[in-house]
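Have a look at coords.txt; it's compact mmCIF, N, CA and C atoms:
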# COMPACT_ATOMS: atom_id res chain seq x y z
N MET A 1 11.62 -14.77 -17.87
CA MET A 1 10.35 -14.79 -17.16
C MET A 1 10.57 -14.83 -15.65
N ILE A 2 11.62 -15.52 -15.24
CA ILE A 2 11.85 -15.63 -13.80
C ILE A 2 12.19 -14.26 -13.19
N VAL A 3 12.85 -13.42 -13.95
CA VAL A 3 13.18 -12.07 -13.46
C VAL A 3 11.90 -11.25 -13.30
N LEU A 4 11.01 -11.34 -14.28
CA LEU A 4 9.74 -10.61 -14.18
C LEU A 4 8.93 -11.09 -12.98
N ARG A 5 8.89 -12.39 -12.78
CA ARG A 5 8.15 -12.92 -11.62
C ARG A 5 8.79 -12.45 -10.32
N PHE A 6 10.13 -12.43 -10.27
CA PHE A 6 10.80 -11.95 -9.07
C PHE A 6 10.45 -10.49 -8.80
N VAL A 7 10.53 -9.66 -9.84
CA VAL A 7 10.21 -8.25 -9.69
C VAL A 7 8.77 -8.09 -9.23
N ASN A 8 7.87 -8.86 -9.79
CA ASN A 8 6.46 -8.81 -9.43
C ASN A 8 6.26 -9.14 -7.95
N VAL A 9 6.82 -10.25 -7.51
CA VAL A 9 6.66 -10.67 -6.12
C VAL A 9 7.40 -9.73 -5.18
N PHE A 10 8.61 -9.33 -5.55
CA PHE A 10 9.40 -8.45 -4.69
C PHE A 10 8.70 -7.11 -4.49
N ALA A 11 8.27 -6.49 -5.59
CA ALA A 11 7.60 -5.19 -5.48
C ALA A 11 6.30 -5.30 -4.70
N GLY A 12 5.52 -6.35 -4.99
CA GLY A 12 4.28 -6.55 -4.23
C GLY A 12 4.55 -6.80 -2.76
N GLY A 13 5.62 -7.52 -2.45
CA GLY A 13 5.98 -7.79 -1.07
C GLY A 13 6.45 -6.56 -0.32
N VAL A 14 7.23 -5.71 -0.99
CA VAL A 14 7.69 -4.48 -0.37
C VAL A 14 6.49 -3.57 -0.07
N ALA A 15 5.58 -3.45 -1.03
CA ALA A 15 4.40 -2.60 -0.81
C ALA A 15 3.55 -3.15 0.33
N ALA A 16 3.24 -4.44 0.29
CA ALA A 16 2.40 -5.04 1.34
C ALA A 16 3.09 -4.97 2.70
N GLY A 17 4.36 -5.32 2.73
CA GLY A 17 5.08 -5.30 3.99
C GLY A 17 5.24 -3.91 4.56
N GLY A 18 5.56 -2.97 3.69
CA GLY A 18 5.71 -1.59 4.14
C GLY A 18 4.42 -1.01 4.70
N LEU A 19 3.33 -1.24 3.99
CA LEU A 19 2.04 -0.73 4.46
C LEU A 19 1.60 -1.44 5.74
N PHE A 20 1.93 -2.73 5.86
CA PHE A 20 1.59 -3.47 7.07
C PHE A 20 2.36 -2.90 8.27
N VAL A 21 3.63 -2.61 8.09
CA VAL A 21 4.43 -2.01 9.17
C VAL A 21 3.85 -0.66 9.57
N VAL A 22 3.43 0.13 8.60
CA VAL A 22 2.81 1.41 8.91
C VAL A 22 1.56 1.19 9.75
N LEU A 23 0.76 0.20 9.41
CA LEU A 23 -0.46 -0.08 10.16
C LEU A 23 -0.16 -0.54 11.58
N VAL A 24 0.76 -1.48 11.72
CA VAL A 24 1.01 -2.09 13.02
C VAL A 24 1.84 -1.20 13.93
N ALA A 25 2.90 -0.61 13.40
CA ALA A 25 3.81 0.15 14.26
C ALA A 25 3.55 1.66 14.22
N TYR A 26 3.52 2.21 13.03
CA TYR A 26 3.44 3.67 12.91
C TYR A 26 2.09 4.20 13.38
N ALA A 27 0.99 3.58 12.94
CA ALA A 27 -0.34 4.05 13.35
C ALA A 27 -0.50 3.94 14.86
N HIS A 28 0.03 2.88 15.43
CA HIS A 28 -0.02 2.73 16.89
C HIS A 28 0.78 3.85 17.56
N ALA A 29 1.95 4.13 17.01
CA ALA A 29 2.78 5.20 17.57
C ALA A 29 2.07 6.55 17.49
N LEU A 30 1.41 6.82 16.37
CA LEU A 30 0.69 8.09 16.23
C LEU A 30 -0.38 8.23 17.30
N ARG A 31 -1.11 7.14 17.56
CA ARG A 31 -2.17 7.19 18.55
C ARG A 31 -1.64 7.37 19.97
N SER A 32 -0.40 6.97 20.21
CA SER A 32 0.15 7.08 21.56
C SER A 32 0.85 8.42 21.81
N LEU A 33 1.05 9.21 20.79
CA LEU A 33 1.73 10.51 20.93
C LEU A 33 0.75 11.59 21.36
N PRO A 34 1.27 12.64 21.96
CA PRO A 34 0.41 13.81 22.18
C PRO A 34 -0.06 14.35 20.82
N ALA A 35 -1.28 14.81 20.76
CA ALA A 35 -1.87 15.24 19.48
C ALA A 35 -1.01 16.31 18.79
N ALA A 36 -0.35 17.16 19.56
CA ALA A 36 0.46 18.22 18.96
C ALA A 36 1.71 17.69 18.25
N ALA A 37 2.11 16.46 18.54
CA ALA A 37 3.29 15.88 17.90
C ALA A 37 2.96 15.10 16.64
N VAL A 38 1.70 14.80 16.44
CA VAL A 38 1.29 13.95 15.32
C VAL A 38 1.52 14.63 13.97
N GLY A 39 1.08 15.87 13.82
CA GLY A 39 1.22 16.58 12.54
C GLY A 39 2.66 16.70 12.08
N PRO A 40 3.58 17.18 12.94
CA PRO A 40 4.98 17.28 12.51
C PRO A 40 5.60 15.92 12.17
N LEU A 41 5.32 14.90 12.96
CA LEU A 41 5.87 13.58 12.66
C LEU A 41 5.32 13.06 11.34
N HIS A 42 4.02 13.20 11.15
CA HIS A 42 3.40 12.73 9.91
C HIS A 42 3.92 13.52 8.71
N GLY A 43 4.19 14.79 8.92
CA GLY A 43 4.75 15.61 7.85
C GLY A 43 6.12 15.14 7.41
N PHE A 44 6.88 14.58 8.33
CA PHE A 44 8.19 14.04 7.99
C PHE A 44 8.06 12.66 7.35
N PHE A 45 7.21 11.82 7.89
CA PHE A 45 7.14 10.42 7.52
C PHE A 45 6.30 10.17 6.27
N HIS A 46 5.13 10.76 6.21
CA HIS A 46 4.16 10.45 5.15
C HIS A 46 4.68 10.64 3.72
N PRO A 47 5.28 11.79 3.37
CA PRO A 47 5.69 11.96 1.96
C PRO A 47 6.69 10.91 1.50
N ARG A 48 7.63 10.55 2.35
CA ARG A 48 8.65 9.58 1.98
C ARG A 48 8.06 8.19 1.78
N VAL A 49 7.24 7.77 2.71
CA VAL A 49 6.65 6.43 2.62
C VAL A 49 5.68 6.36 1.45
N HIS A 50 4.89 7.40 1.26
CA HIS A 50 3.90 7.37 0.18
C HIS A 50 4.58 7.18 -1.18
N VAL A 51 5.66 7.89 -1.42
CA VAL A 51 6.35 7.78 -2.70
C VAL A 51 6.85 6.35 -2.92
N TRP A 52 7.44 5.75 -1.91
CA TRP A 52 7.96 4.39 -2.06
C TRP A 52 6.85 3.37 -2.23
N MET A 53 5.79 3.50 -1.47
CA MET A 53 4.69 2.53 -1.59
C MET A 53 4.00 2.66 -2.95
N MET A 54 3.83 3.89 -3.40
CA MET A 54 3.22 4.11 -4.71
C MET A 54 4.11 3.51 -5.80
N GLY A 55 5.40 3.76 -5.72
CA GLY A 55 6.33 3.26 -6.73
C GLY A 55 6.37 1.74 -6.78
N THR A 56 6.45 1.11 -5.62
CA THR A 56 6.52 -0.36 -5.63
C THR A 56 5.21 -0.97 -6.10
N THR A 57 4.10 -0.34 -5.80
CA THR A 57 2.80 -0.84 -6.27
C THR A 57 2.73 -0.76 -7.80
N ILE A 58 3.18 0.35 -8.36
CA ILE A 58 3.17 0.51 -9.82
C ILE A 58 4.11 -0.49 -10.48
N VAL A 59 5.31 -0.66 -9.93
CA VAL A 59 6.25 -1.63 -10.49
C VAL A 59 5.65 -3.04 -10.44
N GLY A 60 5.03 -3.38 -9.31
CA GLY A 60 4.40 -4.70 -9.20
C GLY A 60 3.30 -4.91 -10.23
N ALA A 61 2.49 -3.88 -10.45
CA ALA A 61 1.40 -3.99 -11.43
C ALA A 61 1.94 -4.10 -12.86
N ILE A 62 2.96 -3.32 -13.18
CA ILE A 62 3.56 -3.40 -14.52
C ILE A 62 4.16 -4.78 -14.74
N ALA A 63 4.85 -5.29 -13.73
CA ALA A 63 5.43 -6.63 -13.84
C ALA A 63 4.33 -7.68 -13.97
N ALA A 64 3.21 -7.49 -13.29
CA ALA A 64 2.09 -8.44 -13.40
C ALA A 64 1.55 -8.48 -14.82
N VAL A 65 1.39 -7.32 -15.44
CA VAL A 65 0.92 -7.27 -16.82
C VAL A 65 1.94 -7.93 -17.74
N ALA A 66 3.22 -7.66 -17.53
CA ALA A 66 4.26 -8.26 -18.36
C ALA A 66 4.28 -9.78 -18.21
N VAL A 67 4.14 -10.28 -16.98
CA VAL A 67 4.10 -11.72 -16.76
C VAL A 67 2.92 -12.33 -17.51
N ALA A 68 1.76 -11.72 -17.38
CA ALA A 68 0.57 -12.26 -18.05
C ALA A 68 0.71 -12.21 -19.57
N ALA A 69 1.32 -11.16 -20.08
CA ALA A 69 1.46 -11.01 -21.52
C ALA A 69 2.52 -11.93 -22.11
N LEU A 70 3.57 -12.20 -21.35
CA LEU A 70 4.70 -12.97 -21.90
C LEU A 70 4.71 -14.43 -21.47
N ASP A 71 3.83 -14.80 -20.55
CA ASP A 71 3.79 -16.18 -20.07
C ASP A 71 3.19 -17.08 -21.15
N ASP A 72 3.23 -18.37 -20.90
CA ASP A 72 2.63 -19.32 -21.84
C ASP A 72 1.19 -18.92 -22.11
N PRO A 73 0.77 -18.99 -23.36
CA PRO A 73 -0.61 -18.58 -23.67
C PRO A 73 -1.62 -19.52 -23.00
N GLY A 74 -2.75 -18.97 -22.72
CA GLY A 74 -3.81 -19.75 -22.11
C GLY A 74 -4.11 -19.25 -20.71
N ALA A 75 -5.30 -19.56 -20.28
CA ALA A 75 -5.72 -19.13 -18.96
C ALA A 75 -5.32 -20.20 -17.95
N ASN A 76 -4.23 -19.94 -17.25
CA ASN A 76 -3.82 -20.82 -16.16
C ASN A 76 -3.53 -19.94 -14.95
N ALA A 77 -3.44 -20.57 -13.79
CA ALA A 77 -3.30 -19.80 -12.55
C ALA A 77 -2.06 -18.90 -12.55
N ALA A 78 -0.96 -19.40 -13.08
CA ALA A 78 0.28 -18.62 -13.08
C ALA A 78 0.19 -17.38 -13.97
N THR A 79 -0.73 -17.39 -14.93
CA THR A 79 -0.92 -16.24 -15.82
C THR A 79 -2.03 -15.32 -15.33
N VAL A 80 -3.09 -15.90 -14.80
CA VAL A 80 -4.26 -15.12 -14.40
C VAL A 80 -4.07 -14.46 -13.03
N LEU A 81 -3.44 -15.15 -12.08
CA LEU A 81 -3.30 -14.60 -10.73
C LEU A 81 -2.59 -13.24 -10.67
N PRO A 82 -1.55 -13.01 -11.46
CA PRO A 82 -0.96 -11.66 -11.41
C PRO A 82 -1.95 -10.57 -11.82
N LEU A 83 -2.80 -10.88 -12.79
CA LEU A 83 -3.81 -9.90 -13.21
C LEU A 83 -4.86 -9.69 -12.12
N VAL A 84 -5.23 -10.77 -11.45
CA VAL A 84 -6.18 -10.66 -10.34
C VAL A 84 -5.55 -9.82 -9.22
N GLY A 85 -4.25 -10.01 -8.99
CA GLY A 85 -3.56 -9.24 -7.97
C GLY A 85 -3.58 -7.75 -8.22
N ILE A 86 -3.64 -7.37 -9.48
CA ILE A 86 -3.70 -5.94 -9.81
C ILE A 86 -4.94 -5.30 -9.19
N LEU A 87 -6.00 -6.06 -8.99
CA LEU A 87 -7.19 -5.52 -8.33
C LEU A 87 -6.87 -5.04 -6.92
N GLY A 88 -6.02 -5.79 -6.22
CA GLY A 88 -5.59 -5.35 -4.88
C GLY A 88 -4.76 -4.09 -4.96
N GLY A 89 -3.86 -4.03 -5.92
CA GLY A 89 -3.06 -2.82 -6.10
C GLY A 89 -3.92 -1.63 -6.47
N ALA A 90 -4.94 -1.88 -7.30
CA ALA A 90 -5.85 -0.80 -7.68
C ALA A 90 -6.66 -0.31 -6.48
N THR A 91 -7.08 -1.24 -5.63
CA THR A 91 -7.79 -0.87 -4.40
C THR A 91 -6.90 0.02 -3.54
N GLN A 92 -5.66 -0.40 -3.39
CA GLN A 92 -4.69 0.38 -2.62
C GLN A 92 -4.52 1.77 -3.23
N ALA A 93 -4.37 1.84 -4.53
CA ALA A 93 -4.15 3.12 -5.21
C ALA A 93 -5.36 4.05 -5.09
N ILE A 94 -6.55 3.50 -5.26
CA ILE A 94 -7.77 4.32 -5.18
C ILE A 94 -7.96 4.85 -3.77
N LEU A 95 -7.81 3.98 -2.77
CA LEU A 95 -7.93 4.44 -1.39
C LEU A 95 -6.88 5.50 -1.08
N SER A 96 -5.67 5.28 -1.57
CA SER A 96 -4.60 6.25 -1.32
C SER A 96 -4.92 7.59 -1.95
N ARG A 97 -5.23 7.57 -3.21
CA ARG A 97 -5.41 8.82 -3.97
C ARG A 97 -6.58 9.65 -3.48
N PHE A 98 -7.70 9.00 -3.20
CA PHE A 98 -8.91 9.76 -2.93
C PHE A 98 -9.24 9.93 -1.45
N TRP A 99 -8.65 9.11 -0.58
CA TRP A 99 -8.99 9.21 0.84
C TRP A 99 -7.78 9.31 1.77
N VAL A 100 -6.84 8.39 1.67
CA VAL A 100 -5.75 8.35 2.65
C VAL A 100 -4.80 9.55 2.48
N VAL A 101 -4.38 9.83 1.27
CA VAL A 101 -3.46 10.95 1.07
C VAL A 101 -4.12 12.29 1.44
N PRO A 102 -5.36 12.55 1.03
CA PRO A 102 -5.98 13.80 1.50
C PRO A 102 -6.09 13.86 3.03
N ALA A 103 -6.42 12.73 3.66
CA ALA A 103 -6.48 12.72 5.13
C ALA A 103 -5.10 12.96 5.72
N SER A 104 -4.08 12.38 5.12
CA SER A 104 -2.71 12.61 5.58
C SER A 104 -2.31 14.07 5.42
N ASP A 105 -2.69 14.66 4.30
CA ASP A 105 -2.38 16.08 4.10
C ASP A 105 -3.05 16.96 5.16
N GLU A 106 -4.27 16.59 5.54
CA GLU A 106 -4.96 17.33 6.60
C GLU A 106 -4.22 17.18 7.94
N ILE A 107 -3.75 15.96 8.22
CA ILE A 107 -3.01 15.73 9.47
C ILE A 107 -1.72 16.53 9.48
N VAL A 108 -1.03 16.55 8.35
CA VAL A 108 0.21 17.33 8.25
C VAL A 108 -0.09 18.81 8.47
N ALA A 109 -1.21 19.29 7.93
CA ALA A 109 -1.57 20.71 8.05
C ALA A 109 -1.88 21.12 9.49
N TRP A 110 -2.14 20.15 10.37
CA TRP A 110 -2.38 20.49 11.78
C TRP A 110 -1.18 21.21 12.37
N GLY A 111 0.02 20.80 11.92
CA GLY A 111 1.22 21.33 12.57
C GLY A 111 1.19 20.95 14.04
N GLU A 112 1.47 21.89 14.88
CA GLU A 112 1.46 21.63 16.32
C GLU A 112 0.16 22.08 16.97
N SER A 113 -0.85 22.37 16.13
CA SER A 113 -2.16 22.80 16.64
C SER A 113 -3.26 21.88 16.10
N PRO A 114 -3.37 20.68 16.65
CA PRO A 114 -4.37 19.74 16.15
C PRO A 114 -5.79 20.18 16.50
N PRO A 115 -6.75 19.73 15.71
CA PRO A 115 -8.14 20.07 16.01
C PRO A 115 -8.63 19.28 17.23
N ALA A 116 -9.77 19.65 17.72
CA ALA A 116 -10.34 18.96 18.88
C ALA A 116 -10.66 17.50 18.57
N ASP A 117 -11.00 17.22 17.31
CA ASP A 117 -11.35 15.84 16.92
C ASP A 117 -10.16 15.08 16.33
N ALA A 118 -8.95 15.38 16.79
CA ALA A 118 -7.75 14.74 16.25
C ALA A 118 -7.79 13.23 16.40
N ALA A 119 -8.26 12.74 17.53
CA ALA A 119 -8.32 11.29 17.75
C ALA A 119 -9.26 10.63 16.74
N ALA A 120 -10.38 11.26 16.46
CA ALA A 120 -11.32 10.71 15.48
C ALA A 120 -10.71 10.72 14.08
N ALA A 121 -9.97 11.77 13.76
CA ALA A 121 -9.32 11.85 12.45
C ALA A 121 -8.28 10.75 12.31
N LEU A 122 -7.53 10.48 13.36
CA LEU A 122 -6.53 9.40 13.31
C LEU A 122 -7.20 8.03 13.18
N ARG A 123 -8.33 7.84 13.86
CA ARG A 123 -9.07 6.58 13.71
C ARG A 123 -9.54 6.40 12.28
N SER A 124 -10.05 7.45 11.69
CA SER A 124 -10.51 7.39 10.30
C SER A 124 -9.35 7.08 9.36
N TRP A 125 -8.22 7.77 9.55
CA TRP A 125 -7.04 7.52 8.72
C TRP A 125 -6.58 6.07 8.86
N THR A 126 -6.57 5.57 10.09
CA THR A 126 -6.13 4.19 10.33
C THR A 126 -7.07 3.20 9.65
N LEU A 127 -8.35 3.44 9.71
CA LEU A 127 -9.32 2.56 9.05
C LEU A 127 -9.12 2.56 7.54
N LEU A 128 -8.95 3.73 6.96
CA LEU A 128 -8.70 3.82 5.52
C LEU A 128 -7.38 3.15 5.15
N HIS A 129 -6.37 3.37 5.97
CA HIS A 129 -5.07 2.73 5.72
C HIS A 129 -5.20 1.22 5.80
N THR A 130 -6.03 0.72 6.69
CA THR A 130 -6.24 -0.73 6.79
C THR A 130 -6.77 -1.28 5.47
N GLY A 131 -7.66 -0.54 4.82
CA GLY A 131 -8.13 -0.95 3.50
C GLY A 131 -7.00 -1.03 2.49
N ARG A 132 -6.08 -0.08 2.57
CA ARG A 132 -4.91 -0.12 1.69
C ARG A 132 -4.08 -1.37 1.95
N VAL A 133 -3.90 -1.69 3.21
CA VAL A 133 -3.11 -2.87 3.57
C VAL A 133 -3.77 -4.13 3.02
N VAL A 134 -5.07 -4.24 3.17
CA VAL A 134 -5.79 -5.40 2.64
C VAL A 134 -5.58 -5.52 1.14
N GLY A 135 -5.69 -4.43 0.42
CA GLY A 135 -5.47 -4.46 -1.03
C GLY A 135 -4.05 -4.87 -1.39
N ALA A 136 -3.07 -4.32 -0.69
CA ALA A 136 -1.67 -4.64 -0.98
C ALA A 136 -1.35 -6.09 -0.64
N VAL A 137 -1.86 -6.59 0.48
CA VAL A 137 -1.62 -7.99 0.85
C VAL A 137 -2.30 -8.93 -0.14
N PHE A 138 -3.50 -8.58 -0.58
CA PHE A 138 -4.19 -9.39 -1.59
C PHE A 138 -3.34 -9.47 -2.86
N ALA A 139 -2.82 -8.33 -3.31
CA ALA A 139 -1.99 -8.32 -4.51
C ALA A 139 -0.76 -9.20 -4.31
N PHE A 140 -0.09 -9.04 -3.19
CA PHE A 140 1.12 -9.82 -2.92
C PHE A 140 0.82 -11.31 -2.89
N VAL A 141 -0.25 -11.72 -2.25
CA VAL A 141 -0.60 -13.15 -2.20
C VAL A 141 -0.86 -13.69 -3.60
N CYS A 142 -1.57 -12.93 -4.42
CA CYS A 142 -1.81 -13.36 -5.81
C CYS A 142 -0.50 -13.48 -6.58
N TYR A 143 0.38 -12.49 -6.45
CA TYR A 143 1.66 -12.52 -7.15
C TYR A 143 2.50 -13.71 -6.69
N LEU A 144 2.53 -13.94 -5.39
CA LEU A 144 3.33 -15.04 -4.84
C LEU A 144 2.78 -16.39 -5.28
N LEU A 145 1.47 -16.57 -5.20
CA LEU A 145 0.87 -17.83 -5.64
C LEU A 145 1.15 -18.09 -7.12
N ALA A 146 1.06 -17.06 -7.93
CA ALA A 146 1.33 -17.21 -9.35
C ALA A 146 2.76 -17.67 -9.59
N ALA A 147 3.70 -17.09 -8.84
CA ALA A 147 5.11 -17.48 -9.00
C ALA A 147 5.33 -18.92 -8.54
N LEU A 148 4.68 -19.30 -7.46
CA LEU A 148 4.84 -20.66 -6.94
C LEU A 148 4.22 -21.71 -7.87
N LEU A 149 3.16 -21.30 -8.56
CA LEU A 149 2.47 -22.24 -9.46
C LEU A 149 3.08 -22.29 -10.86
N ALA A 150 3.98 -21.36 -11.15
CA ALA A 150 4.56 -21.31 -12.50
C ALA A 150 5.49 -22.49 -12.74
Could I get this structure in the form of structure tokens?
Amino acid sequence: MIVLRFVNVFAGGVAAGGLFVVLVAYAHALRSLPAAAVGPLHGFFHPRVHVWMMGTTIVGAIAAVAVAALDDPGANAATVLPLVGILGGATQAILSRFWVVPASDEIVAWGESPPADAAAALRSWTLLHTGRVVGAVFAFVCYLLAALLA
């Protein structure tokens, strides 16, 4: 059980931490670059980060289900919190799939010829990404609290 809890917390922490770094450092860097440099940089960075964040979120959610299924029977915080944390991961996944990734694909498609409203598109992407960060941090906090209370 301790291995499952470790995997749950570790995966949730990597997803939350990675997305937080993207919000704090990468999004700021994108806004400070000339608009013509944003598309090529995002084209290099986005696919790699997306795959890792998606993978760690899925691993965290699978581990959360396994912890809840294999833990002592009964509704206690150490069993229920991992399942509650999945709601944060689901929020992250839904925002990613339906809004952030399509917006990222549009930014990548700019190439070196961004549209006139590039700054507005980056603000929108950053706002949507912030929602992903909130979901991932919520999941991580639930996973961590569950492990601490076990």
Open item on the list: Just want the 6 Å neighbourhood of segment 72-84 of chain A, counted on only C-alpha atoms, with same-chain residues fewer than 3 positions away dropped. Output as a PyMOL selection string.
Closed with: chain A and resi 64+68+87+142-143+146+149-150
Could you write those residues out with N, CA and C atoms, as an mmCIF file, in the coordinates of the input?
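Writing done, so here's selection.cif:
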data_model
loop_
_atom_site.group_PDB
_atom_site.id
_atom_site.type_symbol
_atom_site.label_atom_id
_atom_site.label_comp_id
_atom_site.auth_asym_id
_atom_site.auth_seq_id
_atom_site.Cartn_x
_atom_site.Cartn_y
_atom_site.Cartn_z
ATOM 1 N N ALA A 64 3.210 -7.490 -13.290
ATOM 2 C CA ALA A 64 2.090 -8.440 -13.400
ATOM 3 C C ALA A 64 1.550 -8.480 -14.820
ATOM 4 N N ALA A 68 1.760 -11.720 -17.380
ATOM 5 C CA ALA A 68 0.570 -12.260 -18.050
ATOM 6 C C ALA A 68 0.710 -12.210 -19.570
ATOM 7 N N LEU A 87 -6.000 -6.060 -8.990
ATOM 8 C CA LEU A 87 -7.190 -5.520 -8.330
ATOM 9 C C LEU A 87 -6.870 -5.040 -6.920
ATOM 10 N N CYS A 142 -1.570 -12.930 -4.420
ATOM 11 C CA CYS A 142 -1.810 -13.360 -5.810
ATOM 12 C C CYS A 142 -0.500 -13.480 -6.580
ATOM 13 N N TYR A 143 0.380 -12.490 -6.450
ATOM 14 C CA TYR A 143 1.660 -12.520 -7.150
ATOM 15 C C TYR A 143 2.500 -13.710 -6.690
ATOM 16 N N ALA A 146 1.060 -17.060 -7.930
ATOM 17 C CA ALA A 146 1.330 -17.210 -9.350
ATOM 18 C C ALA A 146 2.760 -17.670 -9.590
ATOM 19 N N LEU A 149 3.160 -21.300 -8.560
ATOM 20 C CA LEU A 149 2.470 -22.240 -9.460
ATOM 21 C C LEU A 149 3.080 -22.290 -10.860
ATOM 22 N N ALA A 150 3.980 -21.360 -11.150
ATOM 23 C CA ALA A 150 4.560 -21.310 -12.500
ATOM 24 C C ALA A 150 5.490 -22.490 -12.740
#
Open item on the list: What's around Thr57 of chain A at 8 Å? Count only C-alpha atoms, leave out sequence neighbours fewer than 2 positions away in its own chain, and write the answer as a list in words.
Closed with: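 Residues meeting the cut-off are Ala11, Gly12, Ala15, Met53, Met54, Gly55, Val59, Gly60, Ala61, Gly89 and Ala136 of chain A.
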Would you output that residue set with N, CA and C atoms, as a short mmCIF file (atom, residue, chain, number, x, y, z; two decimals), keeping the file's coordinate frame?
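again-v2.cif was written with the following content:
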data_model
loop_
_atom_site.label_atom_id
_atom_site.label_comp_id
_atom_site.auth_asym_id
_atom_site.auth_seq_id
_atom_site.Cartn_x
_atom_site.Cartn_y
_atom_site.Cartn_z
N ALA A 11 8.27 -6.49 -5.59
CA ALA A 11 7.60 -5.19 -5.48
C ALA A 11 6.30 -5.30 -4.70
N GLY A 12 5.52 -6.35 -4.99
CA GLY A 12 4.28 -6.55 -4.23
C GLY A 12 4.55 -6.80 -2.76
N ALA A 15 5.58 -3.45 -1.03
CA ALA A 15 4.40 -2.60 -0.81
C ALA A 15 3.55 -3.15 0.33
N MET A 53 5.79 3.50 -1.47
CA MET A 53 4.69 2.53 -1.59
C MET A 53 4.00 2.66 -2.95
N MET A 54 3.83 3.89 -3.40
CA MET A 54 3.22 4.11 -4.71
C MET A 54 4.11 3.51 -5.80
N GLY A 55 5.40 3.76 -5.72
CA GLY A 55 6.33 3.26 -6.73
C GLY A 55 6.37 1.74 -6.78
N VAL A 59 5.31 -0.66 -9.93
CA VAL A 59 6.25 -1.63 -10.49
C VAL A 59 5.65 -3.04 -10.44
N GLY A 60 5.03 -3.38 -9.31
CA GLY A 60 4.40 -4.70 -9.20
C GLY A 60 3.30 -4.91 -10.23
N ALA A 61 2.49 -3.88 -10.45
CA ALA A 61 1.40 -3.99 -11.43
C ALA A 61 1.94 -4.10 -12.86
N GLY A 89 -3.86 -4.03 -5.92
CA GLY A 89 -3.06 -2.82 -6.10
C GLY A 89 -3.92 -1.63 -6.47
N ALA A 136 -3.07 -4.32 -0.69
CA ALA A 136 -1.67 -4.64 -0.98
C ALA A 136 -1.35 -6.09 -0.64
#
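With distances restricted to only C-alpha atoms, A:Ile58 is the closest residue to Ile86 of chain A from A:Ala37, A:Arg48, A:Ile58, A:Gly43.
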- [ ] Between atom CA of Leu128 of chain A and atom CA of Ala36 of chain A, measure the distance and give it in Å to one decimal.
- [x] 21.7 Å
Task: All residues 10 Å or closer to segment 106-110 of chain A, only C-alpha atoms, same chain fewer than 6 positions away omitted, as a ChimeraX atom specification - done: /A:35-47,100,118,121-122,125
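Using only C-alpha atoms, the shortest contact distance between Phe20 of chain A and any of A:Ile2, A:Val49, A:Ala116, A:Leu148 is found at A:Val49.
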Task: Separation of atom N of Ala120 of chain A from atom C of Val133 of chain A, in Å and rounded to one decimal - done: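 Going from atom N of Ala120 of chain A over to atom C of Val133 of chain A, I get 21.5 Å.
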TODO: Pick out the closest residue to Gly135 of chain A from this set: A:His28, A:Pro115, A:Gly13, A:Ala63. Count only C-alpha atoms.
DONE: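 Checking each candidate against Gly135 of chain A, we get A:Gly13 as the closest.
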- [ ] Mind giving me the straight-line distance from atom N of Leu144 of chain A to atom N of Ile94 of chain A in Å, one decimal?
- [x] 19.7 Å
Open item on the list: Which residue is closest to Ala90 of chain A? Choose from A:Val65, A:Ser124, A:Glu112, A:Ala139 and count only C-alpha atoms.
Closed with: A:Ala139
